[in-house]
Each structure stands twice: as structure tokens, then as C-alpha cells.
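Peer 1: Quick one: this structure, given as C-alpha cells, is what I'll be asking you about.
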Amino acid sequence: MLVKVEKLLDGLRSISDEKFTCDNVYQFLSENPVDVDSISKYFFWSENFYTRNLIYKGERFEVMAICWEKGQVSRIHNHWDQKCWMMVTTGKLR
């Protein structure tokens with residue numbers, strides 16, 4: 001069942017600090033796929049580069065819609081000292 005982004009955010013915020021681990025958050029995200037229609041207002045593209053569109057920012061996490069046009073790339077990089085999860089809601093990521 002798809003969930004609206006508001007329900008997804010409520011669920012993420014409800015995870016206690018002790019349980020806010022990579023495995024637990026990944027499990028939550030895999031069990032709660034987001035309804036694309038509820039985040040489509042955050043979809044913005046650029047011909048020149050991928051875009052990072054903020055949906056939510058709190059003390060423990062941020063949620064963004066990252067939009068690539070076909071053929072655009074992002075260099076391999078890390079998020080030093082941060083945890084990072086990605087969900088592909090539409091299209092394909094390679």
C-alpha cells in the first residue's frame with residue numbers, strides 16, 4: 001500500500017532515537033512506499049544538472065526529491081558522517 005508523504009514523515013519522526021538506525025529506517029522505508037502523487041509538487045528538473053528539492057528538514061533527518069533528467073549523472077560521493085537512504089519512486093536509477 002502506498003502512503004502519502006505526510007504519513008511517511010510522521011512515521012519517520014515517530015522512530016525513537018535509539019531505534020533510528022540504518023537498518024530500522026531502511027526497513028520502515030521499504031514497508032512504506034510513498035505515493036508519487038503526494039510528492040509530485042516537489043519535482044523540479046534542470047536541463048543542466050540534477051536537482052535537490054527539499055520536502056522536509058528536521059533535527060534528525062531531511063527528505064528530498066532528487067530529480068535527474070535521462071542521461072544526467074551524479075559523481076560518486078559520500079555523505080561524510082551522515083546516514084543516507086534512497087527510494088526510487090518513479091523511473092530507474094542506475
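Here's how to read the names in the C-alpha cells: chain A, B, ... by the order shown, residue numbers from 1 in each chain, ligand numbers from 1 in the order shown.
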With DSSP run on the backbone, what are the alpha helix (DSSP H) residues within chain A? I'd like them as a ChimeraX atom specification.
Peer 2: /A:5-14,22-31
Peer 1: Counting only C-alpha atoms, which of A:Glu18, A:Asn53, A:Gln27, A:Ile39 gets nearest to A:Glu6?
Peer 2: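 Nearest to A:Glu6: A:Ile39.
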Peer 1: With only C-alpha atoms as the atoms that count, which of A:Leu93, A:Tyr56, A:Trp85, A:Ser30 lies nearest to A:Trp68?
Peer 2: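 Looking only at the distances to A:Trp68, the closest residue turns out to be A:Leu93.
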Peer 1: Choose the residue, out of A:Thr90, A:Ser40, A:Asn48, A:Ser14, that has the smallest atom-to-atom separation from A:Gln72; count only C-alpha atoms.
Peer 2: A:Asn48
Peer 1: One number please: atom CA of A:Phe43 to atom CA of A:Ile15, in Å, one decimal.
Peer 2: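 Interatomic distance here is 26.6 Å.
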Peer 1: To test your reading of the structure, identify every residue in chain A that backbone DSSP assigns to strand (DSSP E), and report it as an NGL selection string.
Peer 2: :A and (51-57 or 62-67)
Peer 1: For the selection just defined, write its residues with N, CA and C atoms to a file, as a PDB file, in the first residue's frame.
Peer 2:
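Output file selection.pdb follows:
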```pdb
ATOM      1  N   THR A  51      18.531  18.022  -9.689  1.00  0.00           N
ATOM      2  CA  THR A  51      18.069  18.984  -8.690  1.00  0.00           C
ATOM      3  C   THR A  51      17.770  18.279  -7.367  1.00  0.00           C
ATOM      4  N   ARG A  52      17.947  19.007  -6.291  1.00  0.00           N
ATOM      5  CA  ARG A  52      17.650  18.522  -4.946  1.00  0.00           C
ATOM      6  C   ARG A  52      16.547  19.410  -4.393  1.00  0.00           C
ATOM      7  N   ASN A  53      15.363  18.831  -4.221  1.00  0.00           N
ATOM      8  CA  ASN A  53      14.178  19.595  -3.849  1.00  0.00           C
ATOM      9  C   ASN A  53      13.724  19.187  -2.453  1.00  0.00           C
ATOM     10  N   LEU A  54      13.846  20.117  -1.510  1.00  0.00           N
ATOM     11  CA  LEU A  54      13.572  19.825  -0.111  1.00  0.00           C
ATOM     12  C   LEU A  54      12.080  19.613   0.137  1.00  0.00           C
ATOM     13  N   ILE A  55      11.761  18.494   0.770  1.00  0.00           N
ATOM     14  CA  ILE A  55      10.394  18.184   1.174  1.00  0.00           C
ATOM     15  C   ILE A  55      10.229  18.433   2.674  1.00  0.00           C
ATOM     16  N   TYR A  56      11.217  18.043   3.454  1.00  0.00           N
ATOM     17  CA  TYR A  56      11.146  18.187   4.912  1.00  0.00           C
ATOM     18  C   TYR A  56      12.564  18.270   5.467  1.00  0.00           C
ATOM     19  N   LYS A  57      12.735  19.102   6.495  1.00  0.00           N
ATOM     20  CA  LYS A  57      14.012  19.166   7.208  1.00  0.00           C
ATOM     21  C   LYS A  57      13.725  19.276   8.695  1.00  0.00           C
ATOM     22  N   GLU A  62      16.386  14.784   6.811  1.00  0.00           N
ATOM     23  CA  GLU A  62      15.790  15.578   5.750  1.00  0.00           C
ATOM     24  C   GLU A  62      15.222  14.611   4.716  1.00  0.00           C
ATOM     25  N   VAL A  63      14.206  15.058   4.023  1.00  0.00           N
ATOM     26  CA  VAL A  63      13.652  14.288   2.910  1.00  0.00           C
ATOM     27  C   VAL A  63      13.683  15.199   1.688  1.00  0.00           C
ATOM     28  N   MET A  64      14.234  14.688   0.600  1.00  0.00           N
ATOM     29  CA  MET A  64      14.341  15.448  -0.640  1.00  0.00           C
ATOM     30  C   MET A  64      13.841  14.635  -1.810  1.00  0.00           C
ATOM     31  N   ALA A  65      13.327  15.329  -2.796  1.00  0.00           N
ATOM     32  CA  ALA A  65      13.059  14.712  -4.097  1.00  0.00           C
ATOM     33  C   ALA A  65      14.236  15.112  -4.982  1.00  0.00           C
ATOM     34  N   ILE A  66      15.008  14.133  -5.390  1.00  0.00           N
ATOM     35  CA  ILE A  66      16.163  14.393  -6.248  1.00  0.00           C
ATOM     36  C   ILE A  66      15.763  13.985  -7.657  1.00  0.00           C
ATOM     37  N   CYS A  67      15.852  14.920  -8.583  1.00  0.00           N
ATOM     38  CA  CYS A  67      15.347  14.700  -9.939  1.00  0.00           C
ATOM     39  C   CYS A  67      16.482  14.776 -10.952  1.00  0.00           C
TER      40      CYS A  67
END
```
Peer 1: Just checking: using only C-alpha atoms, which residue out of A:Thr89, A:Tyr50, A:Tyr26, A:Val5 ends up closest to A:Ser74?
Peer 2: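 Among the listed residues, the smallest separation from A:Ser74 belongs to A:Tyr50.
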